[in-house]
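Enquirer: Here it is, the structure, as structure tokens.
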Amino acid sequence: TNKQTKPNQQRILVTGSSGYLGQHVLKALTQHDNCDITAAYGSLASFASDTTSQIACGSSSTLNLVDQTVLDCSSETSVKTFFSDRRFDVVIHLAAMSSPFACEKDPKQAFATNCPLPLLDAVSDKDSDGSDEGSKTLFIFLSTDQIYDGFHAPYTEKDKASPINEYGKSKLAFEGHLINCHPSVRPIILRSSLILGGVTPLGTCRKQTFFQFVQDRLSNLQDTDFYTNEYRNVVFVDDIVKVISHFVRDHKDGVSDSNTPIETEVYNMGGSDKVSRYDIAQVVAEVCGLDAKYCKAVERSPPLSASSETLDSDKIIVRSPPDISMDCAKLEAVTGITMLGLKDMVESIFQPHE
């Protein structure tokens, strides 16, 4: 457990560590020095053995894996037990119910998973006992560009968030609790676009990215419909890892003085290009030398108004925001990290050595 940490080790909890982003983040964190990392994951059976064989920790760092039976973020009992003998300097909360369809089908479960108040309460409680005066827990939350409605792009962080589907609503709900949380917690909210990148570094994953889907379809010469009229600033997984590492290191160096009120740290996190799924498919075809004739351009019909979508109660319709492209200048200014555009991402994944 967390009790054995050395005095100068930075104690980090990563939730959702067996997911796509989680594996990339975990691999990077283990290269940091002096970290005691607790990687919490759900029920991916192969994860523990895959990870243990794939990861060699950096000097003076340690890694502990805990599955859902040890920590279920949405269960008050589980969280209380878990935190009874553990404290963390940093929490990187990536665990989520990220399928908009699944969220629409079961909004109650979506809110329990995506707005895990027991986790936030536990992190706040651990710090309100007066020990470690002045040290805040950094709480990095992976939110989504789907908190925007898609009708007023490009969005800055000051624009109104008004999600049109349950996934966006559940993520925005947790943002609200984080922004108003106990002063012992320093929240950083990253509103991430669609994440793209190479395959997971530690082993299997329930779902890779849209890049792999496109490559698979075109390699197998399968006609595939791609939307031409839904836009996002797709973001490279390696860039997200850099952003998270930046905040983790900054926190360790005590860059933010705990007495200085910081403006709420909500950041749009997207790449430098506004693209549709059809654009992505075209670039993957070009870079991989695959035939783009299998990419079929289709328009997605506009989202229905909220009142008209429950006519057929058996049919689940996920309202999808048409254009959630974002202005991400604030994040770049704070981190100094320039996010890649689409072509650079595709080339770095599919032509890494040229």
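As shown in the structure tokens, the chain order sets the letters A, B, ...; within each chain, residues go from 1, and ligands are also counted from 1 in the order they appear.
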Among segment 31-256 of chain A, which residues carry a DSSP assignment of helix (DSSP H, G or I), reported as a ChimeraX atom specification?

Expert: /A:47-54,76-83,100-105,107-114,117-127,145-147,166-179,210-219,237-252

Enquirer: Which residues come within 6 Å of segment 231-243 of chain A, counting only C-alpha atoms, excluding same-chain residues fewer than 4 positions away, as a list in words?

Expert: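 The contact residues come out as Val25, Ser193, Leu194, Ile195, Leu196, Gly197, Gly270, Gly271, Asp273, Lys274, Val275, Ser276, Asp323, Ile324 and Ser325 of chain A.
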
Enquirer: Near Asp89 of chain A, counting only C-alpha atoms, which residues have an atom at most 7 Å away, once you skip same-chain residues fewer than 5 positions from it, shown as number ranges by chain?

Expert: A: 10-12, 137-138

Enquirer: For the residues in that selection, give me N, CA, C and O atoms as a short mmCIF file (atom, residue, chain, number, x, y, z; two decimals), in the first residue's frame.

Expert:
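Output saved as result_21.cif:
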```cif
data_model
loop_
_atom_site.label_atom_id
_atom_site.label_comp_id
_atom_site.auth_asym_id
_atom_site.auth_seq_id
_atom_site.Cartn_x
_atom_site.Cartn_y
_atom_site.Cartn_z
N GLN A 10 6.43 11.47 -4.85
CA GLN A 10 5.15 12.08 -5.19
C GLN A 10 4.13 10.96 -5.34
O GLN A 10 4.31 10.06 -6.15
N ARG A 11 3.08 11.03 -4.53
CA ARG A 11 2.10 9.93 -4.51
C ARG A 11 0.99 10.25 -5.52
O ARG A 11 0.27 11.25 -5.36
N ILE A 12 0.86 9.40 -6.53
CA ILE A 12 -0.06 9.67 -7.63
C ILE A 12 -1.08 8.55 -7.78
O ILE A 12 -0.70 7.38 -7.80
N THR A 137 -3.94 18.92 -2.95
CA THR A 137 -3.96 17.76 -3.83
C THR A 137 -4.32 18.25 -5.22
O THR A 137 -5.33 18.93 -5.40
N LEU A 138 -3.49 17.91 -6.19
CA LEU A 138 -3.78 18.26 -7.58
C LEU A 138 -4.77 17.23 -8.11
O LEU A 138 -4.53 16.03 -8.02
#
```

Enquirer: Which residues are near Cys115 of chain A? Cut-off 7 Å, only C-alpha atoms, ignore same chain within fewer than 6 positions. Put them as a PyMOL selection string.

Expert: chain A and resi 170-171+173-174

Enquirer: Restricting the calculation to only C-alpha atoms, which member of A:Ile164, A:Val123, A:Leu172, A:Ile317 is positioned closest to Phe111 of chain A?

Expert: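 Using only C-alpha atoms, the shortest distance to Phe111 of chain A belongs to A:Leu172.
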
Enquirer: Using only C-alpha atoms, which of A:Lys252, A:Phe101, A:Gly22, A:Glu230 sits nearest Val298 of chain A?

Expert: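 Of all the options, A:Glu230 lies closest to Val298 of chain A.
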
Enquirer: Tell me which of A:Val283, A:Ala153, A:Ala96, A:Cys295 sits closest to Pro322 of chain A, counting only C-alpha atoms.

Expert: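 Comparing A:Val283, A:Ala153, A:Ala96, A:Cys295 against Pro322 of chain A, the winner is A:Ala153.
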
Enquirer: What does the distance between atom CA of Gln212 of chain A and atom CA of Ala281 of chain A come to in Å, to one decimal place?

Expert: 10.3 Å

Enquirer: Please run DSSP on the backbone and report, as an MDAnalysis selection string, all residues within segment 205-248 of chain A that come out as strand (DSSP E or B).

Expert: chainID A and resid 224:227 231:232 235:236

Enquirer: Could you write out that same residue set with N, CA, C and O atoms as a CSV table (one decimal), in the first residue's frame?

Expert:
```csv
chain,number,residue,atom,x,y,z
A,224,THR,N,-17.0,2.3,-46.1
A,224,THR,CA,-17.3,2.8,-44.8
A,224,THR,C,-17.8,4.3,-44.9
A,224,THR,O,-17.3,5.1,-45.6
A,225,ASP,N,-19.0,4.5,-44.2
A,225,ASP,CA,-19.5,5.9,-44.2
A,225,ASP,C,-18.8,6.7,-43.2
A,225,ASP,O,-18.6,6.3,-42.0
A,226,PHE,N,-18.3,7.9,-43.6
A,226,PHE,CA,-17.7,8.9,-42.7
A,226,PHE,C,-18.4,10.2,-42.7
A,226,PHE,O,-18.6,10.7,-43.8
A,227,TYR,N,-18.7,10.8,-41.6
A,227,TYR,CA,-19.4,12.1,-41.6
A,227,TYR,C,-18.5,13.2,-42.1
A,227,TYR,O,-17.4,13.3,-41.7
A,231,TYR,N,-17.6,18.5,-36.7
A,231,TYR,CA,-16.2,19.0,-36.6
A,231,TYR,C,-15.7,19.0,-35.2
A,231,TYR,O,-16.4,19.4,-34.2
A,232,ARG,N,-14.4,18.6,-35.0
A,232,ARG,CA,-13.7,18.6,-33.7
A,232,ARG,C,-12.3,18.9,-33.9
A,232,ARG,O,-11.7,18.7,-35.0
A,235,VAL,N,-7.3,15.4,-31.0
A,235,VAL,CA,-6.1,15.7,-30.2
A,235,VAL,C,-5.2,14.4,-30.1
A,235,VAL,O,-5.7,13.3,-30.0
A,236,PHE,N,-3.9,14.6,-30.2
A,236,PHE,CA,-2.9,13.5,-30.2
A,236,PHE,C,-2.7,13.0,-28.8
A,236,PHE,O,-2.4,13.8,-27.9
```
